[in-house]
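Next comes my_file_39.cif, a file with mmCIF, C-alpha atoms.
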```cif
data_input
#
loop_
_atom_site.group_PDB
_atom_site.id
_atom_site.type_symbol
_atom_site.label_atom_id
_atom_site.label_comp_id
_atom_site.auth_asym_id
_atom_site.auth_seq_id
_atom_site.Cartn_x
_atom_site.Cartn_y
_atom_site.Cartn_z
ATOM 1 C CA GLU A 282 -40.009 -108.044 122.349
ATOM 2 C CA ALA A 283 -37.141 -108.875 124.682
ATOM 3 C CA MET A 284 -36.533 -112.142 122.858
ATOM 4 C CA GLU A 285 -36.531 -110.411 119.482
ATOM 5 C CA ALA A 286 -34.005 -107.829 120.695
ATOM 6 C CA ALA A 287 -31.759 -110.344 122.447
ATOM 7 C CA LYS A 288 -28.500 -111.738 121.157
ATOM 8 C CA ASP A 289 -26.736 -114.997 121.948
ATOM 9 C CA GLY A 290 -25.489 -114.900 125.527
ATOM 10 C CA ASP A 291 -27.989 -112.304 126.767
ATOM 11 C CA ARG A 292 -30.051 -112.619 129.939
ATOM 12 C CA ILE A 293 -33.760 -111.853 130.066
ATOM 13 C CA LEU A 294 -35.076 -111.185 133.582
ATOM 14 C CA LEU A 295 -38.821 -111.346 134.259
ATOM 15 C CA LEU A 296 -39.672 -109.248 137.299
ATOM 16 C CA ARG A 297 -41.920 -110.544 140.071
ATOM 17 C CA GLY A 298 -45.607 -110.507 139.211
ATOM 18 C CA ILE A 299 -47.869 -111.680 136.399
ATOM 19 C CA HIS A 300 -46.767 -111.196 132.807
ATOM 20 C CA ASN A 301 -49.396 -111.336 130.042
ATOM 21 C CA GLY A 302 -48.337 -113.313 126.996
ATOM 22 C CA SER A 303 -50.733 -111.303 124.785
ATOM 23 C CA GLY A 304 -51.560 -114.416 122.784
ATOM 24 C CA ARG A 305 -48.126 -114.546 121.129
ATOM 25 C CA THR A 306 -45.661 -117.429 121.086
ATOM 26 C CA VAL A 307 -42.162 -116.659 122.342
ATOM 27 C CA ASN A 308 -39.757 -118.174 119.801
ATOM 28 C CA VAL A 309 -36.654 -119.119 121.748
ATOM 29 C CA ASN A 310 -34.200 -119.348 118.859
ATOM 30 C CA LYS A 311 -31.147 -117.797 120.521
ATOM 31 C CA ARG A 312 -28.769 -118.981 123.244
ATOM 32 C CA VAL A 313 -30.203 -116.923 126.076
ATOM 33 C CA LEU A 314 -31.063 -117.200 129.758
ATOM 34 C CA ILE A 315 -34.720 -116.517 130.630
ATOM 35 C CA ARG A 316 -35.120 -116.225 134.381
ATOM 36 C CA GLY A 317 -37.972 -115.272 136.661
ATOM 37 C CA GLU A 318 -37.094 -113.044 139.584
ATOM 38 C CA GLY A 319 -37.272 -114.715 142.982
ATOM 39 C CA THR A 320 -38.550 -118.274 143.296
ATOM 40 C CA MET A 321 -40.813 -120.310 141.027
ATOM 41 C CA SER A 322 -44.087 -118.911 142.370
ATOM 42 C CA ASP A 323 -42.992 -115.268 142.312
ATOM 43 C CA THR A 324 -43.082 -114.833 138.534
ATOM 44 C CA THR A 325 -46.041 -116.020 136.430
ATOM 45 C CA TYR A 326 -46.259 -115.983 132.629
ATOM 46 C CA ASP A 327 -49.978 -116.043 131.805
ATOM 47 C CA GLN A 328 -50.660 -117.151 128.232
ATOM 48 C CA ARG A 329 -54.132 -117.354 126.674
ATOM 49 C CA ALA A 330 -53.832 -118.508 123.078
ATOM 50 C CA ASN A 331 -54.002 -121.468 120.721
ATOM 51 C CA THR A 332 -50.258 -121.384 120.068
ATOM 52 C CA PRO A 333 -47.504 -122.638 122.406
ATOM 53 C CA THR A 334 -46.244 -120.352 125.132
ATOM 54 C CA LEU A 335 -42.617 -121.185 124.281
ATOM 55 C CA ARG A 336 -41.353 -122.673 121.019
ATOM 56 C CA ILE A 337 -37.769 -123.656 121.767
ATOM 57 C CA THR A 338 -35.547 -124.411 118.764
ATOM 58 C CA CYS A 339 -32.166 -123.591 120.255
ATOM 59 C CA THR A 340 -30.093 -124.496 123.306
ATOM 60 C CA ALA A 341 -31.254 -122.069 125.997
ATOM 61 C CA LEU A 342 -31.824 -121.925 129.755
ATOM 62 C CA VAL A 343 -35.211 -121.162 131.366
ATOM 63 C CA GLN A 344 -35.465 -120.816 135.163
ATOM 64 C CA ASN A 345 -37.924 -119.952 137.934
ATOM 65 C CA VAL A 346 -41.061 -119.214 135.909
ATOM 66 C CA ASP A 347 -44.649 -120.304 136.559
ATOM 67 C CA PHE A 348 -46.105 -120.921 133.081
ATOM 68 C CA ASP A 349 -49.919 -120.857 133.100
ATOM 69 C CA MET A 350 -51.276 -121.722 129.651
ATOM 70 C CA SER A 351 -54.956 -121.529 128.656
ATOM 71 C CA GLY A 352 -55.546 -122.774 125.112
ATOM 72 C CA PHE A 353 -55.598 -125.739 122.786
ATOM 73 C CA ARG A 354 -51.860 -126.133 122.230
ATOM 74 C CA GLU A 355 -49.063 -127.358 124.437
ATOM 75 C CA CYS A 356 -47.451 -124.981 126.896
ATOM 76 C CA ILE A 357 -43.834 -125.695 125.903
ATOM 77 C CA LEU A 358 -42.791 -127.051 122.497
ATOM 78 C CA VAL A 359 -39.209 -128.213 121.909
ATOM 79 C CA ASP A 360 -38.232 -128.995 118.314
ATOM 80 C CA GLY A 361 -35.024 -129.398 116.362
ATOM 81 C CA ASP A 362 -32.053 -131.670 115.755
ATOM 82 C CA GLN A 363 -29.803 -133.223 118.400
ATOM 83 C CA SER A 364 -27.954 -129.930 118.898
ATOM 84 C CA VAL A 365 -31.109 -128.465 120.481
ATOM 85 C CA ARG A 366 -30.493 -129.105 124.186
ATOM 86 C CA PRO A 367 -32.378 -126.539 126.274
ATOM 87 C CA ILE A 368 -32.565 -126.744 130.067
ATOM 88 C CA ILE A 369 -35.787 -125.827 131.850
ATOM 89 C CA GLU A 370 -35.485 -125.878 135.629
ATOM 90 C CA HIS A 371 -37.435 -124.827 138.709
ATOM 91 C CA CYS A 372 -40.505 -124.084 136.591
ATOM 92 C CA SER A 373 -44.206 -124.841 136.910
ATOM 93 C CA ILE A 374 -45.748 -125.834 133.586
ATOM 94 C CA LYS A 375 -49.549 -125.950 133.326
ATOM 95 C CA CYS A 376 -51.834 -126.213 130.296
ATOM 96 C CA SER A 377 -55.639 -126.225 130.474
ATOM 97 C CA GLY A 378 -56.299 -127.557 126.957
ATOM 98 C CA ASP A 379 -53.404 -129.705 125.713
ATOM 99 C CA ASN A 380 -50.096 -131.267 126.749
ATOM 100 C CA GLY A 381 -47.861 -129.558 129.253
ATOM 101 C CA ILE A 382 -44.700 -130.369 127.251
ATOM 102 C CA TYR A 383 -44.334 -131.550 123.657
ATOM 103 C CA THR A 384 -40.942 -132.652 122.325
ATOM 104 C CA CYS A 385 -40.272 -133.589 118.705
ATOM 105 C CA GLY A 386 -37.572 -133.798 116.073
ATOM 106 C CA ASN A 387 -34.329 -135.127 117.574
ATOM 107 C CA SER A 388 -34.212 -132.572 120.359
ATOM 108 C CA HIS A 389 -32.638 -133.362 123.754
ATOM 109 C CA ALA A 390 -34.412 -131.103 126.250
ATOM 110 C CA VAL A 391 -33.654 -131.337 129.982
ATOM 111 C CA PHE A 392 -36.254 -130.558 132.657
ATOM 112 C CA ARG A 393 -35.135 -130.310 136.278
ATOM 113 C CA HIS A 394 -37.212 -129.708 139.409
ATOM 114 C CA CYS A 395 -40.356 -128.874 137.434
ATOM 115 C CA ARG A 396 -44.052 -129.363 138.201
ATOM 116 C CA ILE A 397 -45.930 -130.412 135.068
ATOM 117 C CA SER A 398 -49.655 -130.842 134.385
ATOM 118 C CA GLY A 399 -51.804 -130.707 131.268
ATOM 119 C CA ARG A 400 -55.320 -131.271 130.060
ATOM 120 C CA LYS A 401 -53.904 -134.171 128.044
ATOM 121 C CA SER A 402 -50.446 -135.601 128.835
ATOM 122 C CA GLY A 403 -47.901 -134.027 131.112
ATOM 123 C CA CYS A 404 -45.142 -134.751 128.589
ATOM 124 C CA CYS A 405 -45.644 -136.078 125.054
ATOM 125 C CA ALA A 406 -42.454 -137.204 123.288
ATOM 126 C CA ILE A 407 -42.646 -138.037 119.582
ATOM 127 C CA GLU A 408 -40.398 -138.631 116.559
ATOM 128 C CA SER A 409 -36.796 -139.165 117.770
ATOM 129 C CA SER A 410 -36.819 -136.696 120.635
ATOM 130 C CA CYS A 411 -35.002 -137.595 123.858
ATOM 131 C CA PRO A 412 -36.273 -135.458 126.735
ATOM 132 C CA ALA A 413 -34.725 -136.034 130.160
ATOM 133 C CA LEU A 414 -36.644 -135.209 133.329
ATOM 134 C CA TYR A 415 -34.934 -135.052 136.730
ATOM 135 C CA ASN A 416 -36.703 -134.542 140.063
ATOM 136 C CA CYS A 417 -39.914 -133.562 138.298
ATOM 137 C CA THR A 418 -43.512 -134.026 139.436
ATOM 138 C CA MET A 419 -46.205 -134.900 136.889
ATOM 139 C CA SER A 420 -49.640 -135.072 138.483
ATOM 140 C CA SER A 421 -53.298 -134.257 137.830
ATOM 141 C CA ASN A 422 -52.958 -134.742 134.069
ATOM 142 C CA GLY A 423 -56.134 -135.432 132.104
ATOM 143 C CA PHE A 424 -54.519 -138.387 130.324
ATOM 144 C CA GLN A 425 -51.211 -140.059 131.249
ATOM 145 C CA ALA A 426 -48.205 -138.387 132.829
ATOM 146 C CA LEU A 427 -45.802 -139.472 130.049
ATOM 147 C CA LEU A 428 -46.704 -140.485 126.487
ATOM 148 C CA CYS A 429 -43.945 -141.854 124.205
ATOM 149 C CA MET A 430 -44.536 -142.469 120.498
ATOM 150 C CA ASP A 431 -42.621 -143.025 117.259
ATOM 151 C CA GLU A 432 -38.926 -143.515 118.152
ATOM 152 C CA ALA A 433 -38.782 -141.183 121.122
ATOM 153 C CA HIS A 434 -36.528 -142.103 124.036
ATOM 154 C CA PRO A 435 -37.346 -140.126 127.182
ATOM 155 C CA THR A 436 -35.487 -140.620 130.469
ATOM 156 C CA LEU A 437 -36.951 -140.054 133.930
ATOM 157 C CA ASN A 438 -34.809 -139.928 137.053
ATOM 158 C CA ARG A 439 -36.111 -139.352 140.604
ATOM 159 C CA CYS A 440 -39.518 -138.278 139.320
ATOM 160 C CA SER A 441 -43.022 -138.639 140.763
ATOM 161 C CA LEU A 442 -45.945 -139.547 138.477
ATOM 162 C CA SER A 443 -49.134 -139.570 140.509
ATOM 163 C CA GLU A 444 -52.886 -139.009 140.537
ATOM 164 C CA ASN A 445 -53.300 -138.825 136.767
ATOM 165 C CA GLU A 446 -56.626 -139.643 135.115
ATOM 166 C CA GLU A 447 -55.145 -142.439 133.009
ATOM 167 C CA GLU A 448 -51.819 -144.302 133.022
ATOM 168 C CA GLY A 449 -48.560 -143.244 134.573
ATOM 169 C CA VAL A 450 -46.464 -144.034 131.474
ATOM 170 C CA VAL A 451 -47.556 -145.118 127.980
ATOM 171 C CA VAL A 452 -44.966 -146.400 125.479
ATOM 172 C CA MET A 453 -46.011 -147.319 121.942
ATOM 173 C CA ASP A 454 -44.741 -147.593 118.345
ATOM 174 C CA GLU A 455 -40.947 -148.120 118.625
ATOM 175 C CA ALA A 456 -40.417 -145.711 121.484
ATOM 176 C CA GLN A 457 -38.313 -146.465 124.555
ATOM 177 C CA ALA A 458 -38.655 -145.101 128.073
ATOM 178 C CA SER A 459 -35.917 -145.359 130.714
ATOM 179 C CA ILE A 460 -37.129 -144.717 134.261
ATOM 180 C CA PHE A 461 -34.829 -144.629 137.284
ATOM 181 C CA SER A 462 -35.486 -144.159 141.008
ATOM 182 C CA SER A 463 -39.014 -142.878 140.379
ATOM 183 C CA GLU A 464 -42.426 -143.375 141.960
ATOM 184 C CA ILE A 465 -45.513 -144.130 139.864
ATOM 185 C CA ARG A 466 -48.593 -144.222 142.065
ATOM 186 C CA ASP A 467 -52.300 -143.528 142.469
ATOM 187 C CA ASN A 468 -53.059 -143.263 138.757
ATOM 188 C CA LYS A 469 -56.445 -144.317 137.356
ATOM 189 C CA GLY A 470 -54.854 -146.628 134.798
ATOM 190 C CA PRO A 471 -51.844 -148.986 134.818
ATOM 191 C CA GLY A 472 -48.592 -147.596 136.143
ATOM 192 C CA ILE A 473 -46.733 -148.701 132.979
ATOM 193 C CA ASP A 474 -48.480 -149.595 129.702
ATOM 194 C CA VAL A 475 -46.242 -150.762 126.826
ATOM 195 C CA SER A 476 -47.627 -151.830 123.448
ATOM 196 C CA GLN A 477 -46.689 -152.447 119.809
ATOM 197 C CA ALA A 478 -42.852 -152.543 119.658
ATOM 198 C CA GLY A 479 -42.352 -150.241 122.633
ATOM 199 C CA ARG A 480 -39.604 -150.771 125.210
ATOM 200 C CA ALA A 481 -39.268 -149.685 128.823
ATOM 201 C CA LEU A 482 -36.602 -149.958 131.526
ATOM 202 C CA LEU A 483 -37.511 -149.588 135.195
ATOM 203 C CA GLU A 484 -34.715 -149.511 137.747
ATOM 204 C CA ASN A 485 -35.061 -148.807 141.473
ATOM 205 C CA CYS A 486 -38.673 -147.700 141.022
ATOM 206 C CA THR A 487 -41.923 -148.079 142.940
ATOM 207 C CA VAL A 488 -45.175 -148.780 141.078
ATOM 208 C CA LYS A 489 -48.116 -148.871 143.480
ATOM 209 C CA ASN A 490 -51.807 -148.174 143.996
ATOM 210 C CA ASN A 491 -52.558 -147.701 140.306
ATOM 211 C CA ILE A 492 -55.302 -149.624 138.530
ATOM 212 C CA GLY A 493 -52.793 -152.160 137.256
ATOM 213 C CA GLY A 494 -49.031 -152.352 137.644
ATOM 214 C CA VAL A 495 -46.906 -153.188 134.578
ATOM 215 C CA TRP A 496 -48.953 -154.170 131.510
ATOM 216 C CA ILE A 497 -47.316 -155.247 128.250
ATOM 217 C CA TRP A 498 -49.033 -155.921 124.919
ATOM 218 C CA ASP A 499 -48.202 -156.955 121.350
ATOM 219 C CA ALA A 500 -44.397 -157.134 120.881
ATOM 220 C CA GLY A 501 -43.601 -154.870 123.806
ATOM 221 C CA PHE A 502 -40.665 -155.528 126.132
ATOM 222 C CA VAL A 503 -40.053 -154.308 129.696
ATOM 223 C CA ASN A 504 -36.872 -154.777 131.717
ATOM 224 C CA VAL A 505 -37.426 -154.346 135.476
ATOM 225 C CA GLN A 506 -34.586 -154.163 138.005
ATOM 226 C CA ASN A 507 -34.740 -153.629 141.784
ATOM 227 C CA THR A 508 -38.345 -152.433 141.644
ATOM 228 C CA THR A 509 -41.501 -152.964 143.667
ATOM 229 C CA ILE A 510 -44.709 -153.513 141.666
ATOM 230 C CA ASN A 511 -48.154 -153.407 143.251
ATOM 231 C CA GLY A 512 -51.239 -153.732 141.070
ATOM 232 C CA GLY A 513 -53.671 -151.821 143.225
ATOM 233 C CA LYS A 514 -57.220 -152.688 142.164
ATOM 234 C CA SER A 515 -56.123 -154.789 139.173
ATOM 235 C CA HIS A 516 -53.330 -157.142 138.069
ATOM 236 C CA ALA A 517 -49.806 -156.306 139.188
ATOM 237 C CA VAL A 518 -48.346 -157.799 135.990
ATOM 238 C CA LEU A 519 -50.079 -158.490 132.680
ATOM 239 C CA VAL A 520 -48.023 -159.889 129.803
ATOM 240 C CA ASP A 521 -50.092 -160.508 126.684
ATOM 241 C CA GLY A 522 -49.372 -162.428 123.489
ATOM 242 C CA SER A 523 -45.763 -162.236 122.331
ATOM 243 C CA ALA A 524 -44.845 -159.486 124.801
ATOM 244 C CA LEU A 525 -41.802 -160.037 127.034
ATOM 245 C CA LEU A 526 -40.936 -159.163 130.616
ATOM 246 C CA HIS A 527 -37.511 -159.508 132.236
ATOM 247 C CA THR A 528 -37.148 -158.978 135.983
ATOM 248 C CA GLN A 529 -34.331 -159.114 138.535
ATOM 249 C CA HIS A 530 -34.390 -158.318 142.266
ATOM 250 C CA THR A 531 -38.031 -157.256 141.925
ATOM 251 C CA THR A 532 -40.943 -157.656 144.317
ATOM 252 C CA ILE A 533 -44.361 -158.252 142.736
ATOM 253 C CA ASP A 534 -47.349 -157.778 145.018
ATOM 254 C CA GLY A 535 -50.544 -158.895 143.291
ATOM 255 C CA VAL A 536 -51.974 -161.096 140.569
ATOM 256 C CA VAL A 537 -49.746 -162.049 137.635
ATOM 257 C CA HIS A 538 -51.515 -162.681 134.324
ATOM 258 C CA ALA A 539 -48.937 -164.148 131.964
ATOM 259 C CA SER A 540 -47.922 -167.233 130.015
ATOM 260 C CA GLU A 541 -46.399 -170.208 131.805
ATOM 261 C CA PRO A 542 -42.803 -169.444 130.674
ATOM 262 C CA THR A 543 -43.128 -165.844 131.888
ATOM 263 C CA TRP A 544 -44.561 -166.999 135.206
ATOM 264 C CA ARG A 545 -41.701 -169.446 135.720
ATOM 265 C CA SER A 546 -39.118 -166.751 134.997
ATOM 266 C CA LEU A 547 -40.734 -164.441 137.569
ATOM 267 C CA THR A 548 -40.626 -167.042 140.333
ATOM 268 C CA LYS A 549 -36.995 -167.987 139.822
ATOM 269 C CA GLY A 550 -33.852 -166.340 141.043
ATOM 270 C CA SER A 551 -33.852 -163.006 142.838
ATOM 271 C CA ASN A 552 -37.524 -162.025 142.414
ATOM 272 C CA VAL A 553 -40.200 -162.192 145.116
ATOM 273 C CA VAL A 554 -43.827 -162.811 144.132
ATOM 274 C CA LEU A 555 -46.249 -162.186 146.988
ATOM 275 C CA GLU A 556 -49.629 -163.841 147.189
ATOM 276 C CA PRO A 557 -52.383 -161.219 146.813
ATOM 277 C CA GLU A 558 -54.641 -160.695 149.813
ATOM 278 C CA HIS A 559 -57.639 -160.462 147.480
ATOM 279 C CA PRO A 560 -58.099 -161.653 143.879
ATOM 280 C CA THR A 561 -58.166 -158.917 141.254
ATOM 281 C CA GLU A 562 -59.732 -158.727 137.813
ATOM 282 C CA LEU A 563 -59.341 -156.662 134.704
ATOM 283 C CA PRO A 564 -61.056 -153.293 135.159
ATOM 284 C CA LEU A 565 -64.511 -152.586 133.807
ATOM 285 C CA GLU A 566 -64.906 -150.660 130.567
ATOM 286 C CA GLU A 567 -65.285 -147.310 132.248
ATOM 287 C CA GLY A 568 -63.138 -144.293 132.863
ATOM 288 C CA CYS A 569 -59.844 -144.533 130.992
ATOM 289 C CA PHE A 570 -60.592 -148.170 130.061
ATOM 290 C CA LYS A 571 -63.686 -147.272 128.033
ATOM 291 C CA PHE A 572 -63.051 -147.551 124.296
ATOM 292 C CA GLU A 573 -64.102 -144.379 122.520
ATOM 293 C CA PRO A 574 -62.906 -144.249 118.884
ATOM 294 C CA ASP A 575 -61.342 -140.896 118.032
ATOM 295 C CA ARG A 576 -59.812 -140.340 114.616
ATOM 296 C CA PHE A 577 -57.834 -137.397 115.975
ATOM 297 C CA THR A 578 -55.759 -139.423 118.416
ATOM 298 C CA ARG A 579 -53.419 -142.370 117.893
ATOM 299 C CA LYS A 580 -53.953 -143.878 121.303
ATOM 300 C CA GLN A 581 -56.800 -146.331 120.729
#
```
Would you mind writing the file out in structure tokens?
Amino acid sequence: EAMEAAKDGDRILLLRGIHNGSGRTVNVNKRVLIRGEGTMSDTTYDQRANTPTLRITCTALVQNVDFDMSGFRECILVDGDQSVRPIIEHCSIKCSGDNGIYTCGNSHAVFRHCRISGRKSGCCAIESSCPALYNCTMSSNGFQALLCMDEAHPTLNRCSLSENEEEGVVVMDEAQASIFSSEIRDNKGPGIDVSQAGRALLENCTVKNNIGGVWIWDAGFVNVQNTTINGGKSHAVLVDGSALLHTQHTTIDGVVHASEPTWRSLTKGSNVVLEPEHPTELPLEEGCFKFEPDRFTRKQ
């Protein structure tokens, strides 16, 4: 009701306590400020529905709200052209049945100092959307922390992606992911998985204690600068087929599975390749590595 009555430039203040979403999506289609009173944990928006909690189609600002979504849709949906540039900061975003965040169209959403978790991915970016996440934590997701498809181009800066049930980051189709000064650790799949014509840039990052470090398939390409890669229980680097890997000033701790030209490029110049203490193998077909055909998902 407050959103429907608001005009561009208005402020909507949610008082401390728990607010019931009543199963309705809040359509944020005006330039407003939505702010929870106090700090992030003081104001909770409890939504139980099969529609998004927020559908943002306009440049707006959302601050200091704990979003707790129970249902089979994403918690926050951002859609629109490149003029749609909302900022969501100091928020907790949880979804028990779907993705925490879903960005589409050509939107350019910004998330700052947020905690994000979902039953599926923490953040799913599709079409030509370009979400930017700064100082965010994405952990305990049922799938990967970040999923990039189509021609999406998300950017992560000073983020932590940890303890997810599958990969840290998945890039596929013709999507691109740019990751700076971030930590990707303790995930139950590879830290970075790039396939098809996907692209990824890692700069000043740490990839460690995942089941696999940086894995590249098909025609994928990954550019790694000033980064430390540890493969955990599986290969630190896997470069398959016609995939490409470029590294500079990077330390690789673990087994490298790649073609001879790729191996030679890794051992030249400014890179350091450490001998693994123990040999590693490809993981067994269990957990997130078990192939289970599902016609409702594109990640096969």
Could you give me the axis-aligned bounding box of segment 299-312 of chain A, with 6 Å of padding per side, as centre plus edge lengths in Å to one decimal, as AutoDock Vina command-line options?
```
--center_x -40.2 --center_y -115.3 --center_z 127.6 --size_x 34.8 --size_y 20.2 --size_z 29.5
```
Atom CA of Asn331 of chain A to atom CA of Cys417 of chain A, distance in Å rounded to a single decimal: 25.6 Å
Ground truth for the PyMOL selection byres ((chain A and resi 348) around 9), written as a PyMOL selection string: chain A and resi 324-328+334+346-347+349-350+356-357+372-376
Explicit residue set for the PyMOL selection byres ((chain A and resi 474) around 12), as an NGL selection string: :A and (425-429 or 447-453 or 457-458 or 465 or 468 or 470-473 or 475-481 or 488 or 491-499 or 501-503 or 517-521 or 524 or 580)
Output check: residues returned by the PyMOL selection byres ((chain A and resi 536-550) around 8), as a PyMOL selection string: chain A and resi 512+515-521+525-529+534-535+551-554+556-557+560-561
Could you add N, CA, C and O atoms to segment 369-386 of chain A and give me the result as an mmCIF file, keeping the file's coordinate frame?
```
data_model
loop_
_atom_site.group_PDB
_atom_site.id
_atom_site.type_symbol
_atom_site.label_atom_id
_atom_site.label_comp_id
_atom_site.auth_asym_id
_atom_site.auth_seq_id
_atom_site.Cartn_x
_atom_site.Cartn_y
_atom_site.Cartn_z
ATOM 1 N N ILE A 369 -34.693 -126.523 131.178
ATOM 2 C CA ILE A 369 -35.787 -125.827 131.850
ATOM 3 C C ILE A 369 -35.803 -126.318 133.290
ATOM 4 O O ILE A 369 -35.971 -127.523 133.525
ATOM 5 N N GLU A 370 -35.597 -125.433 134.243
ATOM 6 C CA GLU A 370 -35.485 -125.878 135.629
ATOM 7 C C GLU A 370 -36.214 -124.939 136.585
ATOM 8 O O GLU A 370 -36.356 -123.744 136.325
ATOM 9 N N HIS A 371 -36.704 -125.549 137.670
ATOM 10 C CA HIS A 371 -37.435 -124.827 138.709
ATOM 11 C C HIS A 371 -38.609 -124.045 138.116
ATOM 12 O O HIS A 371 -38.835 -122.882 138.451
ATOM 13 N N CYS A 372 -39.350 -124.711 137.229
ATOM 14 C CA CYS A 372 -40.505 -124.084 136.591
ATOM 15 C C CYS A 372 -41.771 -124.889 136.879
ATOM 16 O O CYS A 372 -41.725 -126.103 137.084
ATOM 17 N N SER A 373 -42.897 -124.201 136.883
ATOM 18 C CA SER A 373 -44.206 -124.841 136.910
ATOM 19 C C SER A 373 -44.811 -124.700 135.527
ATOM 20 O O SER A 373 -44.852 -123.592 134.975
ATOM 21 N N ILE A 374 -45.256 -125.822 134.966
ATOM 22 C CA ILE A 374 -45.748 -125.834 133.586
ATOM 23 C C ILE A 374 -47.167 -126.394 133.593
ATOM 24 O O ILE A 374 -47.374 -127.567 133.869
ATOM 25 N N LYS A 375 -48.149 -125.536 133.296
ATOM 26 C CA LYS A 375 -49.549 -125.950 133.326
ATOM 27 C C LYS A 375 -50.210 -125.586 132.002
ATOM 28 O O LYS A 375 -49.951 -124.521 131.439
ATOM 29 N N CYS A 376 -51.093 -126.475 131.529
ATOM 30 C CA CYS A 376 -51.834 -126.213 130.296
ATOM 31 C C CYS A 376 -53.258 -126.727 130.461
ATOM 32 O O CYS A 376 -53.463 -127.902 130.765
ATOM 33 N N SER A 377 -54.244 -125.869 130.226
ATOM 34 C CA SER A 377 -55.639 -126.225 130.474
ATOM 35 C C SER A 377 -56.297 -126.944 129.307
ATOM 36 O O SER A 377 -57.401 -127.466 129.447
ATOM 37 N N GLY A 378 -55.635 -126.985 128.118
ATOM 38 C CA GLY A 378 -56.299 -127.557 126.957
ATOM 39 C C GLY A 378 -55.503 -128.576 126.175
ATOM 40 O O GLY A 378 -56.031 -129.204 125.256
ATOM 41 N N ASP A 379 -54.231 -128.786 126.506
ATOM 42 C CA ASP A 379 -53.404 -129.705 125.713
ATOM 43 C C ASP A 379 -52.313 -130.276 126.605
ATOM 44 O O ASP A 379 -52.463 -130.329 127.818
ATOM 45 N N ASN A 380 -51.208 -130.707 125.990
ATOM 46 C CA ASN A 380 -50.096 -131.267 126.749
ATOM 47 C C ASN A 380 -49.316 -130.161 127.466
ATOM 48 O O ASN A 380 -49.208 -129.038 126.967
ATOM 49 N N GLY A 381 -48.736 -130.511 128.597
ATOM 50 C CA GLY A 381 -47.861 -129.558 129.253
ATOM 51 C C GLY A 381 -46.601 -129.330 128.443
ATOM 52 O O GLY A 381 -46.202 -128.192 128.180
ATOM 53 N N ILE A 382 -45.949 -130.425 128.019
ATOM 54 C CA ILE A 382 -44.700 -130.369 127.251
ATOM 55 C C ILE A 382 -44.858 -131.246 126.017
ATOM 56 O O ILE A 382 -45.437 -132.332 126.080
ATOM 57 N N TYR A 383 -44.298 -130.792 124.905
ATOM 58 C CA TYR A 383 -44.334 -131.550 123.657
ATOM 59 C C TYR A 383 -42.939 -131.481 123.054
ATOM 60 O O TYR A 383 -42.438 -130.395 122.747
ATOM 61 N N THR A 384 -42.275 -132.633 122.917
ATOM 62 C CA THR A 384 -40.942 -132.652 122.325
ATOM 63 C C THR A 384 -40.971 -133.429 121.020
ATOM 64 O O THR A 384 -41.619 -134.468 120.925
ATOM 65 N N CYS A 385 -40.276 -132.928 120.018
ATOM 66 C CA CYS A 385 -40.272 -133.589 118.705
ATOM 67 C C CYS A 385 -38.931 -133.377 118.022
ATOM 68 O O CYS A 385 -37.999 -132.830 118.604
ATOM 69 N N GLY A 386 -38.846 -133.826 116.765
ATOM 70 C CA GLY A 386 -37.572 -133.798 116.073
ATOM 71 C C GLY A 386 -36.603 -134.762 116.737
ATOM 72 O O GLY A 386 -36.983 -135.847 117.181
#
```
